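**Q** Just work-v8.txt, nothing more (compact mmCIF, C-alpha atoms and all ligand atoms):
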```txt
# COMPACT_ATOMS: atom_id res chain seq x y z
CA MET T 1 -127.24 32.04 -99.23
CA CYS T 2 -130.26 29.85 -99.86
CA ALA T 3 -130.55 27.79 -103.02
CA SER T 4 -132.01 30.50 -105.18
CA PHE T 5 -134.45 28.50 -107.23
CA PRO T 6 -137.84 29.96 -108.05
CA THR T 7 -140.73 28.13 -106.38
CA PRO T 8 -142.41 25.98 -109.06
CA PRO T 9 -145.80 27.38 -110.11
CA PHE T 10 -147.64 24.18 -109.13
CA GLY T 11 -147.13 20.68 -107.84
CA ARG T 12 -145.43 18.77 -105.09
CA PRO T 13 -143.22 20.47 -102.51
CA THR T 14 -140.50 17.89 -103.20
CA TYR T 15 -138.94 18.24 -106.63
CA ALA T 16 -135.69 18.14 -108.56
CA VAL T 17 -134.37 21.21 -110.33
CA ILE T 18 -132.24 20.56 -113.43
CA ASP T 19 -130.28 23.47 -114.79
CA LEU T 20 -130.26 22.97 -118.55
CA ASP T 21 -127.60 25.67 -118.91
CA ALA T 22 -125.29 23.34 -116.98
CA ILE T 23 -126.07 20.42 -119.32
CA THR T 24 -125.40 22.63 -122.35
CA GLY T 25 -122.18 23.92 -120.80
CA ASN T 26 -120.99 20.40 -119.98
CA VAL T 27 -121.47 19.24 -123.58
CA GLN T 28 -119.65 22.29 -124.90
CA ALA T 29 -116.84 21.94 -122.35
CA THR T 30 -116.37 18.29 -123.39
CA LEU T 31 -116.22 19.17 -127.09
CA ARG T 32 -113.54 21.78 -126.27
CA HIS T 33 -111.65 19.26 -124.14
CA VAL T 34 -111.42 16.31 -126.58
CA SER T 35 -109.24 16.13 -129.70
CA ASP T 36 -110.32 18.04 -132.80
CA GLY T 37 -112.95 16.28 -134.88
CA VAL T 38 -114.04 13.89 -132.12
CA SER T 39 -117.80 13.73 -131.74
CA LEU T 40 -119.86 13.20 -128.62
CA MET T 41 -122.50 10.67 -127.64
CA ALA T 42 -124.59 11.87 -124.70
CA VAL T 43 -125.32 8.83 -122.51
CA VAL T 44 -128.87 9.30 -121.22
CA LYS T 45 -129.59 5.81 -119.88
CA GLY T 46 -131.20 5.40 -116.49
CA ASN T 47 -133.60 8.28 -117.17
CA ALA T 48 -130.54 10.45 -117.95
CA TYR T 49 -128.93 9.41 -114.65
CA GLY T 50 -132.14 10.45 -112.93
CA HIS T 51 -132.26 13.86 -114.62
CA GLY T 52 -135.09 12.96 -117.03
CA GLY T 53 -134.27 11.29 -120.36
CA PRO T 54 -136.07 13.14 -123.13
CA ILE T 55 -135.44 16.74 -122.09
CA VAL T 56 -131.78 16.11 -121.25
CA ALA T 57 -131.39 14.28 -124.59
CA LYS T 58 -132.86 17.20 -126.50
CA THR T 59 -130.67 19.68 -124.61
CA ALA T 60 -127.52 17.64 -125.28
CA VAL T 61 -128.27 17.34 -129.00
CA GLU T 62 -128.94 21.08 -129.28
CA ALA T 63 -125.63 21.71 -127.50
CA GLY T 64 -123.67 19.63 -130.01
CA ALA T 65 -123.98 15.94 -129.14
CA SER T 66 -124.23 13.97 -132.37
CA ALA T 67 -125.68 10.79 -130.86
CA LEU T 68 -127.44 9.46 -127.77
CA GLY T 69 -126.71 6.33 -125.76
CA VAL T 70 -129.34 4.39 -123.82
CA ALA T 71 -129.39 1.03 -122.04
CA THR T 72 -132.84 -0.24 -122.99
CA VAL T 73 -135.13 -0.16 -126.00
CA ASP T 74 -137.80 1.50 -123.86
CA GLU T 75 -135.46 4.37 -123.05
CA GLY T 76 -134.83 4.84 -126.76
CA LEU T 77 -138.57 4.77 -127.54
CA GLU T 78 -139.26 7.41 -124.90
CA ILE T 79 -136.79 9.74 -126.61
CA ARG T 80 -138.18 9.02 -130.08
CA GLU T 81 -141.72 9.66 -128.81
CA TYR T 82 -140.48 13.06 -127.64
CA GLY T 83 -139.63 13.77 -131.27
CA LEU T 84 -135.84 13.51 -131.41
CA THR T 85 -134.35 12.12 -134.62
CA ALA T 86 -130.67 11.96 -133.57
CA PRO T 87 -128.99 8.55 -133.76
CA ILE T 88 -129.69 6.51 -130.59
CA LEU T 89 -127.54 3.51 -129.69
CA VAL T 90 -128.80 0.86 -127.26
CA LEU T 91 -125.47 0.16 -125.55
CA GLY T 92 -126.19 -3.24 -124.05
CA PRO T 93 -127.88 -6.54 -124.84
CA ILE T 94 -131.62 -6.69 -125.55
CA ALA T 95 -134.13 -9.53 -125.83
CA ARG T 96 -134.71 -11.03 -129.27
CA ARG T 97 -138.39 -10.08 -128.98
CA GLU T 98 -137.42 -6.39 -128.77
CA ILE T 99 -135.53 -6.26 -132.05
CA GLY T 100 -138.53 -5.43 -134.25
CA THR T 101 -139.65 -2.63 -131.92
CA ALA T 102 -136.14 -1.22 -131.77
CA LEU T 103 -135.67 -1.23 -135.54
CA ARG T 104 -139.06 0.35 -136.19
CA ALA T 105 -138.00 3.20 -133.89
CA ASP T 106 -134.72 3.53 -135.81
CA LEU T 107 -132.57 2.62 -132.82
CA SER T 108 -129.02 1.45 -133.48
CA LEU T 109 -128.18 -1.80 -131.74
CA ALA T 110 -125.07 -3.10 -130.04
CA VAL T 111 -124.00 -6.54 -131.22
CA GLY T 112 -121.92 -8.82 -129.02
CA SER T 113 -122.12 -12.09 -130.92
CA LEU T 114 -122.68 -13.55 -134.38
CA ALA T 115 -126.03 -14.94 -133.19
CA GLU T 116 -127.20 -11.43 -132.34
CA ALA T 117 -126.12 -10.08 -135.73
CA GLU T 118 -128.01 -12.93 -137.43
CA ALA T 119 -131.15 -12.27 -135.40
CA ILE T 120 -131.10 -8.57 -136.32
CA ALA T 121 -130.51 -9.39 -139.99
CA ALA T 122 -133.42 -11.85 -139.93
CA ALA T 123 -135.72 -9.29 -138.29
CA ALA T 124 -134.70 -6.71 -140.87
CA SER T 125 -135.59 -8.96 -143.77
CA ALA T 126 -138.90 -9.94 -142.17
CA HIS T 127 -139.94 -6.27 -142.09
CA PRO T 128 -138.86 -3.76 -144.71
CA LEU T 129 -137.17 -1.51 -142.16
CA GLY T 130 -134.22 -0.17 -144.05
CA GLN T 131 -130.72 -1.20 -143.12
CA PRO T 132 -130.38 -1.56 -139.33
CA ARG T 133 -127.39 0.28 -137.88
CA ILE T 134 -125.26 -1.86 -135.61
CA HIS T 135 -122.26 -1.15 -133.39
CA ILE T 136 -120.16 -4.22 -132.68
CA LYS T 137 -119.08 -4.42 -129.07
CA LEU T 138 -115.57 -5.69 -128.37
CA ASP T 139 -115.03 -7.23 -124.94
CA SER T 140 -111.55 -5.90 -124.29
CA GLY T 141 -111.31 -6.88 -120.64
CA MET T 142 -114.49 -5.89 -118.82
CA HIS T 143 -115.78 -9.44 -119.35
CA ARG T 144 -119.34 -8.29 -119.28
CA TYR T 145 -120.84 -7.83 -122.75
CA GLY T 146 -119.13 -8.15 -126.10
CA ALA T 147 -117.16 -10.32 -128.49
CA THR T 148 -113.50 -11.31 -128.71
CA VAL T 149 -111.36 -9.91 -131.52
CA GLU T 150 -111.81 -13.12 -133.51
CA GLU T 151 -115.57 -13.02 -133.06
CA VAL T 152 -115.62 -9.34 -134.08
CA VAL T 153 -113.90 -10.30 -137.32
CA ALA T 154 -116.41 -13.11 -137.92
CA ILE T 155 -119.37 -10.80 -137.23
CA CYS T 156 -117.97 -8.22 -139.61
CA ARG T 157 -117.52 -10.79 -142.35
CA PHE T 158 -121.16 -11.81 -141.89
CA VAL T 159 -122.29 -8.16 -142.04
CA HIS T 160 -120.20 -7.66 -145.16
CA GLU T 161 -121.58 -10.74 -146.88
CA THR T 162 -125.28 -10.37 -146.04
CA ASP T 163 -125.33 -6.66 -146.85
CA ARG T 164 -128.44 -6.40 -144.70
CA LEU T 165 -126.83 -4.55 -141.78
CA LEU T 166 -124.95 -1.28 -141.68
CA LEU T 167 -121.69 -1.37 -139.71
CA ALA T 168 -122.16 1.95 -137.96
CA GLY T 169 -119.57 1.38 -135.25
CA LEU T 170 -117.07 -0.70 -133.36
CA PHE T 171 -116.72 -0.01 -129.66
CA THR T 172 -115.51 -1.20 -126.32
CA HIS T 173 -115.99 -0.16 -122.69
CA PHE T 174 -113.33 0.52 -120.08
CA ALA T 175 -113.33 -1.30 -116.76
CA ALA T 176 -110.95 0.85 -114.74
CA ALA T 177 -110.58 4.29 -116.33
CA ASP T 178 -111.78 5.90 -113.09
CA GLY T 179 -108.87 4.55 -111.05
CA PRO T 180 -105.47 6.25 -110.95
CA ASP T 181 -103.62 3.44 -112.77
CA LEU T 182 -104.36 3.54 -116.48
CA SER T 183 -102.37 0.45 -117.50
CA PHE T 184 -105.48 -1.75 -117.77
CA THR T 185 -107.22 0.96 -119.81
CA ASP T 186 -104.18 1.17 -122.10
CA ARG T 187 -104.33 -2.57 -122.70
CA GLN T 188 -108.05 -2.36 -123.51
CA ALA T 189 -107.46 0.53 -125.95
CA ASP T 190 -104.64 -1.45 -127.58
CA LEU T 191 -106.94 -4.41 -128.12
CA LEU T 192 -109.48 -2.12 -129.79
CA ARG T 193 -106.70 -0.89 -132.10
CA VAL T 194 -105.84 -4.52 -132.89
CA ALA T 195 -109.48 -5.17 -133.83
CA VAL T 196 -109.56 -2.07 -136.05
CA ARG T 197 -106.37 -3.25 -137.83
CA ARG T 198 -107.72 -6.76 -138.34
CA LEU T 199 -110.87 -5.34 -139.91
CA ARG T 200 -108.87 -3.04 -142.13
CA GLU T 201 -106.97 -6.08 -143.42
CA GLU T 202 -110.35 -7.53 -144.38
CA GLY T 203 -111.24 -4.29 -146.14
CA ILE T 204 -113.86 -3.40 -143.52
CA THR T 205 -114.07 0.03 -141.88
CA PRO T 206 -116.72 0.81 -139.26
CA GLU T 207 -118.12 4.35 -139.53
CA VAL T 208 -116.96 5.23 -136.01
CA VAL T 209 -114.75 3.61 -133.39
CA HIS T 210 -115.41 4.55 -129.78
CA ALA T 211 -114.32 3.64 -126.27
CA ALA T 212 -114.06 6.52 -123.82
CA ASN T 213 -116.49 7.05 -120.95
CA SER T 214 -116.35 10.21 -118.82
CA ALA T 215 -113.31 9.09 -116.82
CA ALA T 216 -111.28 8.11 -119.88
CA LEU T 217 -112.06 11.24 -121.87
CA LEU T 218 -111.29 13.47 -118.90
CA ARG T 219 -108.02 11.69 -118.08
CA SER T 220 -106.38 11.45 -121.49
CA ARG T 221 -106.92 12.17 -125.17
CA ASP T 222 -105.35 8.78 -125.98
CA TYR T 223 -108.77 7.15 -125.72
CA ASP T 224 -110.78 9.59 -127.83
CA PHE T 225 -110.90 7.53 -131.08
CA ASP T 226 -113.74 9.00 -133.26
CA LEU T 227 -116.35 9.56 -130.58
CA VAL T 228 -116.55 9.77 -126.79
CA ARG T 229 -119.47 8.55 -124.68
CA LEU T 230 -120.15 11.17 -122.04
CA GLY T 231 -122.23 9.81 -119.18
CA VAL T 232 -121.91 10.97 -115.59
CA SER T 233 -119.98 14.14 -116.46
CA LEU T 234 -122.74 15.28 -118.81
CA TYR T 235 -124.48 15.96 -115.51
CA GLY T 236 -121.44 17.77 -114.06
CA ILE T 237 -120.51 14.89 -111.78
CA ALA T 238 -116.94 13.56 -111.58
CA PRO T 239 -116.73 9.80 -112.20
CA ASP T 240 -114.40 9.48 -109.22
CA GLU T 241 -112.88 11.80 -106.61
CA SER T 242 -109.54 11.42 -108.37
CA VAL T 243 -110.87 12.65 -111.74
CA ARG T 244 -111.08 16.38 -112.35
CA LEU T 245 -113.90 17.76 -114.47
CA ALA T 246 -112.95 19.83 -117.52
CA PRO T 247 -113.03 23.63 -117.13
CA GLY T 248 -116.59 24.93 -117.42
CA MET T 249 -118.29 21.75 -116.20
CA ARG T 250 -120.72 21.99 -113.30
CA PRO T 251 -123.46 19.91 -111.69
CA ALA T 252 -127.00 20.34 -113.01
CA LEU T 253 -129.33 18.74 -110.49
CA THR T 254 -130.52 19.70 -107.02
CA VAL T 255 -133.21 17.87 -105.07
CA MET T 256 -135.38 20.36 -103.20
CA THR T 257 -138.10 20.06 -100.59
CA GLU T 258 -140.08 22.42 -98.35
CA LEU T 259 -140.72 22.61 -94.63
CA THR T 260 -144.23 21.36 -93.94
CA ARG T 261 -144.16 21.42 -90.12
CA ILE T 262 -141.96 23.06 -87.50
CA HIS T 263 -142.07 21.69 -83.98
CA HIS T 264 -140.04 21.16 -80.84
CA LEU T 265 -138.72 18.04 -79.16
CA GLU T 266 -138.51 18.05 -75.37
CA PRO T 267 -135.59 16.26 -73.69
CA GLY T 268 -136.21 12.50 -74.03
CA ASP T 269 -138.57 12.79 -77.01
CA THR T 270 -137.80 10.39 -79.81
CA VAL T 271 -138.26 10.70 -83.58
CA GLY T 272 -139.69 8.23 -86.06
CA TYR T 273 -139.88 4.46 -86.46
CA GLY T 274 -137.86 2.52 -83.93
CA CYS T 275 -137.38 5.65 -81.76
CA THR T 276 -133.76 5.73 -82.90
CA TYR T 277 -133.16 9.42 -82.20
CA ARG T 278 -133.65 10.82 -78.69
CA ALA T 279 -133.40 14.55 -78.00
CA GLU T 280 -131.04 15.36 -75.14
CA SER T 281 -132.23 18.92 -74.79
CA ARG T 282 -135.08 20.98 -76.16
CA GLU T 283 -134.62 20.98 -79.91
CA ARG T 284 -136.37 22.60 -82.83
CA VAL T 285 -136.99 20.24 -85.74
CA GLY T 286 -138.76 20.40 -89.08
CA LEU T 287 -140.66 17.92 -91.22
CA VAL T 288 -139.91 17.59 -94.92
CA PRO T 289 -142.08 15.48 -97.26
CA ILE T 290 -139.33 13.38 -98.80
CA GLY T 291 -138.37 9.80 -98.10
CA TYR T 292 -136.78 6.71 -99.50
CA ALA T 293 -139.49 6.38 -102.18
CA ASP T 294 -138.07 9.64 -103.53
CA GLY T 295 -134.51 8.35 -103.56
CA LEU T 296 -133.44 9.53 -100.12
CA TRP T 297 -131.88 6.21 -99.21
CA ARG T 298 -132.95 4.91 -95.82
CA SER T 299 -129.36 4.02 -95.05
CA LEU T 300 -128.65 7.78 -94.96
CA SER T 301 -130.58 7.97 -91.65
CA HIS T 302 -128.40 9.43 -88.86
CA LYS T 303 -125.72 10.27 -91.44
CA ALA T 304 -126.91 12.83 -93.97
CA TRP T 305 -127.95 16.43 -93.68
CA MET T 306 -129.89 18.96 -95.77
CA GLY T 307 -129.07 22.61 -96.40
CA LYS T 308 -130.79 25.93 -95.76
CA ASP T 309 -129.23 29.41 -95.95
CA GLY T 310 -125.77 27.88 -95.86
CA VAL T 311 -126.46 25.86 -92.69
CA ARG T 312 -126.31 22.07 -92.48
CA LEU T 313 -129.47 20.56 -91.02
CA PRO T 314 -128.75 16.99 -89.80
CA LEU T 315 -131.43 14.32 -90.24
CA ARG T 316 -133.19 13.14 -87.09
CA GLY T 317 -134.46 9.57 -86.69
CA ARG T 318 -135.02 7.15 -89.52
CA ILE T 319 -135.91 8.27 -93.01
CA CYS T 320 -139.46 7.06 -93.74
CA MET T 321 -140.86 6.22 -97.17
CA ASP T 322 -142.34 9.70 -97.60
CA GLN T 323 -141.23 11.93 -94.74
CA THR T 324 -138.09 12.89 -92.88
CA VAL T 325 -137.38 15.02 -89.81
CA ILE T 326 -134.45 17.45 -89.77
CA ASN T 327 -132.85 19.52 -87.06
CA LEU T 328 -133.55 23.27 -87.28
CA ALA T 329 -130.90 24.86 -85.12
CA GLU T 330 -132.08 28.01 -83.36
CA GLY T 331 -130.79 30.88 -85.43
CA VAL T 332 -131.75 29.28 -88.74
CA SER T 333 -134.69 31.22 -90.08
CA ALA T 334 -137.47 28.72 -90.68
CA ARG T 335 -141.10 29.08 -91.66
CA VAL T 336 -143.51 26.52 -93.02
CA GLY T 337 -143.16 26.53 -96.83
CA ASP T 338 -139.48 27.53 -96.82
CA PRO T 339 -137.33 25.68 -99.38
CA VAL T 340 -134.72 23.21 -98.13
CA ALA T 341 -132.01 21.78 -100.40
CA VAL T 342 -131.74 18.02 -100.00
CA MET T 343 -128.65 17.31 -102.10
CA GLY T 344 -126.98 18.18 -105.35
CA ALA T 345 -125.67 21.26 -107.10
CA ALA T 346 -126.87 23.89 -104.60
CA THR T 347 -124.02 23.29 -102.15
CA GLU T 348 -124.00 27.01 -101.24
CA SER T 349 -127.24 26.26 -99.40
CA GLY T 350 -125.35 23.87 -97.13
CA ALA T 351 -126.56 20.69 -98.86
CA GLY T 352 -124.17 17.88 -99.74
CA SER T 353 -123.17 17.20 -103.33
CA LEU T 354 -124.34 13.88 -104.78
CA ALA T 355 -120.77 12.58 -104.34
CA GLU T 356 -120.70 13.59 -100.66
CA ILE T 357 -124.06 11.99 -99.99
CA ALA T 358 -123.02 8.84 -101.86
CA GLY T 359 -119.83 8.67 -99.83
CA LEU T 360 -121.82 8.56 -96.57
CA ILE T 361 -123.24 5.16 -97.52
CA GLY T 362 -120.33 3.75 -99.47
CA THR T 363 -121.76 4.15 -102.93
CA ILE T 364 -121.17 6.31 -106.01
CA PRO T 365 -123.09 9.39 -107.15
CA TYR T 366 -124.36 7.42 -110.16
CA GLU T 367 -126.48 5.30 -107.83
CA ILE T 368 -127.84 8.27 -105.88
CA ALA T 369 -128.76 10.13 -109.09
CA THR T 370 -130.44 7.18 -110.82
CA GLY T 371 -132.27 6.36 -107.59
CA ILE T 372 -134.21 9.62 -107.48
CA GLY T 373 -137.80 8.44 -107.46
CA ALA T 374 -140.07 8.53 -110.51
CA ARG T 375 -142.62 10.46 -108.44
CA VAL T 376 -140.24 13.40 -107.93
CA PRO T 377 -141.21 16.06 -110.49
CA ARG T 378 -138.25 17.30 -112.55
CA TRP T 379 -138.34 21.06 -113.16
CA TYR T 380 -136.01 22.35 -115.88
CA LEU T 381 -134.37 25.76 -115.63
CA ARG T 382 -133.11 27.84 -118.52
CA ASP T 383 -131.67 31.28 -117.69
CA GLY T 384 -133.13 30.98 -114.20
CA GLU T 385 -136.68 30.29 -115.39
CA TYR T 386 -138.63 27.07 -115.55
CA VAL T 387 -139.11 26.01 -119.15
CA ALA T 388 -140.18 22.37 -118.82
CA LEU T 389 -141.49 19.80 -116.36
CA MET T 390 -141.41 16.02 -116.25
CA ARG T 391 -143.81 14.38 -113.88
CA ASN T 392 -144.42 10.64 -113.54
CA GLY T 393 -142.30 10.15 -116.63
CA ARG T 394 -144.33 12.55 -118.79
CA VAL T 395 -143.45 15.96 -120.13
CA VAL T 396 -146.11 18.42 -118.86
CA PRO T 397 -146.63 21.68 -120.77
CA LEU T 398 -145.86 24.58 -118.45
CA ASP T 399 -148.45 26.86 -119.96
CA ASP T 400 -151.17 24.40 -118.97
CA ARG T 401 -153.67 26.96 -117.65
CA ALA T 402 -155.97 24.31 -116.21
CA GLU T 403 -153.11 22.91 -114.19
CA ILE T 404 -152.08 26.31 -112.86
CA GLU T 405 -155.63 27.34 -112.00
CA ALA T 406 -156.39 24.01 -110.36
CA SER T 407 -153.35 24.50 -108.19
CA GLN T 408 -154.51 27.81 -106.73
CA PRO T 409 -155.43 27.63 -103.03
CA VAL T 410 -159.19 27.31 -102.54
C1 LIG B 501 -122.84 4.02 -118.93
C2 LIG B 501 -121.93 3.87 -120.07
C3 LIG B 501 -121.11 4.93 -120.46
C4 LIG B 501 -121.00 6.23 -119.70
O1 LIG B 501 -120.18 6.04 -118.56
P1 LIG B 501 -119.86 7.25 -117.56
O2 LIG B 501 -118.89 6.68 -116.60
O3 LIG B 501 -121.14 7.61 -116.90
O4 LIG B 501 -119.32 8.35 -118.39
C5 LIG B 501 -120.36 4.75 -121.61
N1 LIG B 501 -120.40 3.60 -122.29
C6 LIG B 501 -121.15 2.55 -121.94
C7 LIG B 501 -121.13 1.29 -122.74
C8 LIG B 501 -121.93 2.64 -120.79
O5 LIG B 501 -122.69 1.60 -120.43
```
Using the file provided, produce a representation of the structure as structure tokens.
**A**
Amino acid sequence: MCASFPTPPFGRPTYAVIDLDAITGNVQATLRHVSDGVSLMAVVKGNAYGHGGPIVAKTAVEAGASALGVATVDEGLEIREYGLTAPILVLGPIARREIGTALRADLSLAVGSLAEAEAIAAAASAHPLGQPRIHIKLDSGMHRYGATVEEVVAICRFVHETDRLLLAGLFTHFAAADGPDLSFTDRQADLLRVAVRRLREEGITPEVVHAANSAALLRSRDYDFDLVRLGVSLYGIAPDESVRLAPGMRPALTVMTELTRIHHLEPGDTVGYGCTYRAESRERVGLVPIGYADGLWRSLSHKAWMGKDGVRLPLRGRICMDQTVINLAEGVSARVGDPVAVMGAATESGAGSLAEIAGLIGTIPYEIATGIGARVPRWYLRDGEYVALMRNGRVVPLDDRAEIEASQPV
């Protein structure tokens, strides 16, 4: 069977299809999977792992996520500009010069040192912005961002004394929850519990304590605390081959393209830059308008394949910036304009999953998903129909008559 997506009503023949029903289902499946009363932060950093930040954020909130996680202030602003009012936490460090912008947009900020807490408190008193919401980050073993237990206590005392900041959360991040051995994760969770106890002794209670990423929440309920931060599995992708998704979870995104030329190679003909592929016999090939600027990594040349009607179509020659040649075995029905699945959810079409494609070049599906180019339009499906479009980072109204009429063949 071919990937049964409707052809988009206008626009580029290379596009990503995001099934919002899958995103909704993945949020609901996670809420069923975690302990009772645990809430969910949908992590939508990296343009929602390439799926398109604002629309995925809105879908996740409507499905039951109570907060959103981003990596940069700009990502938070993009979601606010789309009209969402849910709490948004910037998970990592930001520049001092961004604090005012972040607070004006009502973003919650992670704090990894006393100096950061002081800078936020100073910014808050310079502008009457209400009480900024902060989540103190404990470095429990990742040794990336965050404070030691002693520093966490000192930051909390400062917050308590100044009364200018709201202690919305205390959190940490796991370094090795995706591997089979959870002993390091257990030690990190224990250190978070130590920090919580130390604060309780001081009479300080953060609103929520959180630690689990997708791998941790899927592996064990021991790491749930008050809230889980669902990242890669929000998109129906397993954090590692060894981690099983919860029942009801499925991938949301497929990258699609269309055949724009069908031609034949004669024996000895070569394909593309560097003439790295040479046909041994007469061979039918097709051209698809997708390349490494779209996120089809050049290192996938000679390794990856695309899918059509359940058949794998191996790549021929080097992937270019904007175009790629694929084999069209005789017997595959192929006409110019036919859809071809590049990678993602539509594996029934013969395409590789993001994990399979990542594996070909020794990386993880996270990197393939976030690498999908900004110029690839994202079409959003609900009940099999397109309900939204993001193009060049902007949400485009689908009932834009001018757009549809302009796209009619002349
Ligand atoms: C990215 C991120 C997550 C989500 O991780 P996944 O493995 O994608 O679930 C959670 N917490 C923090 C701090 C992160 O940076």
**Q** What does the distance between CA of Gly248 (chain T) and CA of Val17 (chain T) come to in Å, to one decimal place?
**A**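 Calculated distance between CA of Gly248 (chain T) and CA of Val17 (chain T) is 19.5 Å.
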**Q** Do you know which residues are at most 10 Å from Tyr386 (chain T) counting all atoms listed in the file, after dropping those on the same chain fewer than 6 positions away, and could you put them as JSON, numbers by chain?
**A** {"T": [5, 6, 7, 8, 9, 17, 18, 19, 20, 379, 380, 398]}
**Q** Can you work out which residues are within 9 Å of ligand LIG 501 (chain B), considering all atoms listed in the file, and then hand them over as a PDB file with C-alpha atoms, in the frame of the given file?
**A**
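Result went into out_8.pdb, see below:
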```pdb
ATOM      1  CA  MET T  41    -122.500  10.670-127.640  1.00  0.00           C
ATOM      2  CA  ALA T  42    -124.590  11.870-124.700  1.00  0.00           C
ATOM      3  CA  VAL T  43    -125.320   8.830-122.510  1.00  0.00           C
ATOM      4  CA  VAL T  44    -128.870   9.300-121.220  1.00  0.00           C
ATOM      5  CA  LYS T  45    -129.590   5.810-119.880  1.00  0.00           C
ATOM      6  CA  GLY T  46    -131.200   5.400-116.490  1.00  0.00           C
ATOM      7  CA  TYR T  49    -128.930   9.410-114.650  1.00  0.00           C
ATOM      8  CA  GLY T  69    -126.710   6.330-125.760  1.00  0.00           C
ATOM      9  CA  VAL T  70    -129.340   4.390-123.820  1.00  0.00           C
ATOM     10  CA  ALA T  71    -129.390   1.030-122.040  1.00  0.00           C
ATOM     11  CA  VAL T  90    -128.800   0.860-127.260  1.00  0.00           C
ATOM     12  CA  LEU T  91    -125.470   0.160-125.550  1.00  0.00           C
ATOM     13  CA  GLY T  92    -126.190  -3.240-124.050  1.00  0.00           C
ATOM     14  CA  LYS T 137    -119.080  -4.420-129.070  1.00  0.00           C
ATOM     15  CA  PHE T 171    -116.720  -0.010-129.660  1.00  0.00           C
ATOM     16  CA  THR T 172    -115.510  -1.200-126.320  1.00  0.00           C
ATOM     17  CA  HIS T 173    -115.990  -0.160-122.690  1.00  0.00           C
ATOM     18  CA  PHE T 174    -113.330   0.520-120.080  1.00  0.00           C
ATOM     19  CA  ALA T 177    -110.580   4.290-116.330  1.00  0.00           C
ATOM     20  CA  ASP T 178    -111.780   5.900-113.090  1.00  0.00           C
ATOM     21  CA  ALA T 211    -114.320   3.640-126.270  1.00  0.00           C
ATOM     22  CA  ALA T 212    -114.060   6.520-123.820  1.00  0.00           C
ATOM     23  CA  ASN T 213    -116.490   7.050-120.950  1.00  0.00           C
ATOM     24  CA  SER T 214    -116.350  10.210-118.820  1.00  0.00           C
ATOM     25  CA  ALA T 215    -113.310   9.090-116.820  1.00  0.00           C
ATOM     26  CA  ALA T 216    -111.280   8.110-119.880  1.00  0.00           C
ATOM     27  CA  LEU T 217    -112.060  11.240-121.870  1.00  0.00           C
ATOM     28  CA  VAL T 228    -116.550   9.770-126.790  1.00  0.00           C
ATOM     29  CA  ARG T 229    -119.470   8.550-124.680  1.00  0.00           C
ATOM     30  CA  LEU T 230    -120.150  11.170-122.040  1.00  0.00           C
ATOM     31  CA  GLY T 231    -122.230   9.810-119.180  1.00  0.00           C
ATOM     32  CA  VAL T 232    -121.910  10.970-115.590  1.00  0.00           C
ATOM     33  CA  SER T 233    -119.980  14.140-116.460  1.00  0.00           C
ATOM     34  CA  LEU T 234    -122.740  15.280-118.810  1.00  0.00           C
ATOM     35  CA  ILE T 237    -120.510  14.890-111.780  1.00  0.00           C
ATOM     36  CA  ALA T 238    -116.940  13.560-111.580  1.00  0.00           C
ATOM     37  CA  PRO T 239    -116.730   9.800-112.200  1.00  0.00           C
ATOM     38  CA  TYR T 366    -124.360   7.420-110.160  1.00  0.00           C
TER      39      TYR T 366
END
```
**Q** Which residue is closest to Thr276 (chain T)? Choose from T:Arg318, T:Ile290, T:Arg104, T:Lys308 and count all atoms listed in the file.
**A**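 So, comparing all the options, the nearest one is T:Arg318.
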**Q** Quick one, how far is CA of Ala29 (chain T) from CA of Arg187 (chain T)?
**A** 27.5 Å
**Q** At a cut-off of 12 Å, using all atoms listed in the file, what residues contact region 278-280 of chain T? Leave out same-chain residues fewer than 4 positions from it and give the result as a ChimeraX atom specification.
**A** /T:264-274,284-285,302,316-318,327
**Q** Can you pull out every residue within 10 Å of region 96-98 of chain T, counting all atoms listed in the file, but drop anything in the same chain fewer than 5 positions away, and send it as a list in words?
**A**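 After dropping sequence-adjacent residues, the list is Thr72, Val73, Asp74, Leu103, Glu116, Ala119, Ile120 and Ala123 of chain T.
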**Q** Give me, please, the distance in Å between CA of Asp139 (chain T) and CA of Thr85 (chain T), quoted to one decimal.
**A**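 Interatomic distance, CA of Asp139 (chain T) to CA of Thr85 (chain T): 29.0 Å.
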**Q** Looking at all atoms listed in the file, which of T:Arg32, T:Glu75, T:Pro180, T:Ala22 is the one that sits closest to Gly52 (chain T)?
**A** T:Glu75
**Q** Could you name the residues that touch Ser333 (chain T) at 12 Å or less, counting only C-alpha atoms, but leaving out those on the same chain fewer than 4 positions away, as a list in words?
**A**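 Answer for this query is Met1, Cys2, Leu259, Ile262, Arg284, Gly286, Lys308, Asp309, Gly310, Val311, Leu313, Leu328, Ala329, Gly337, Asp338, Pro339 and Val340 of chain T.
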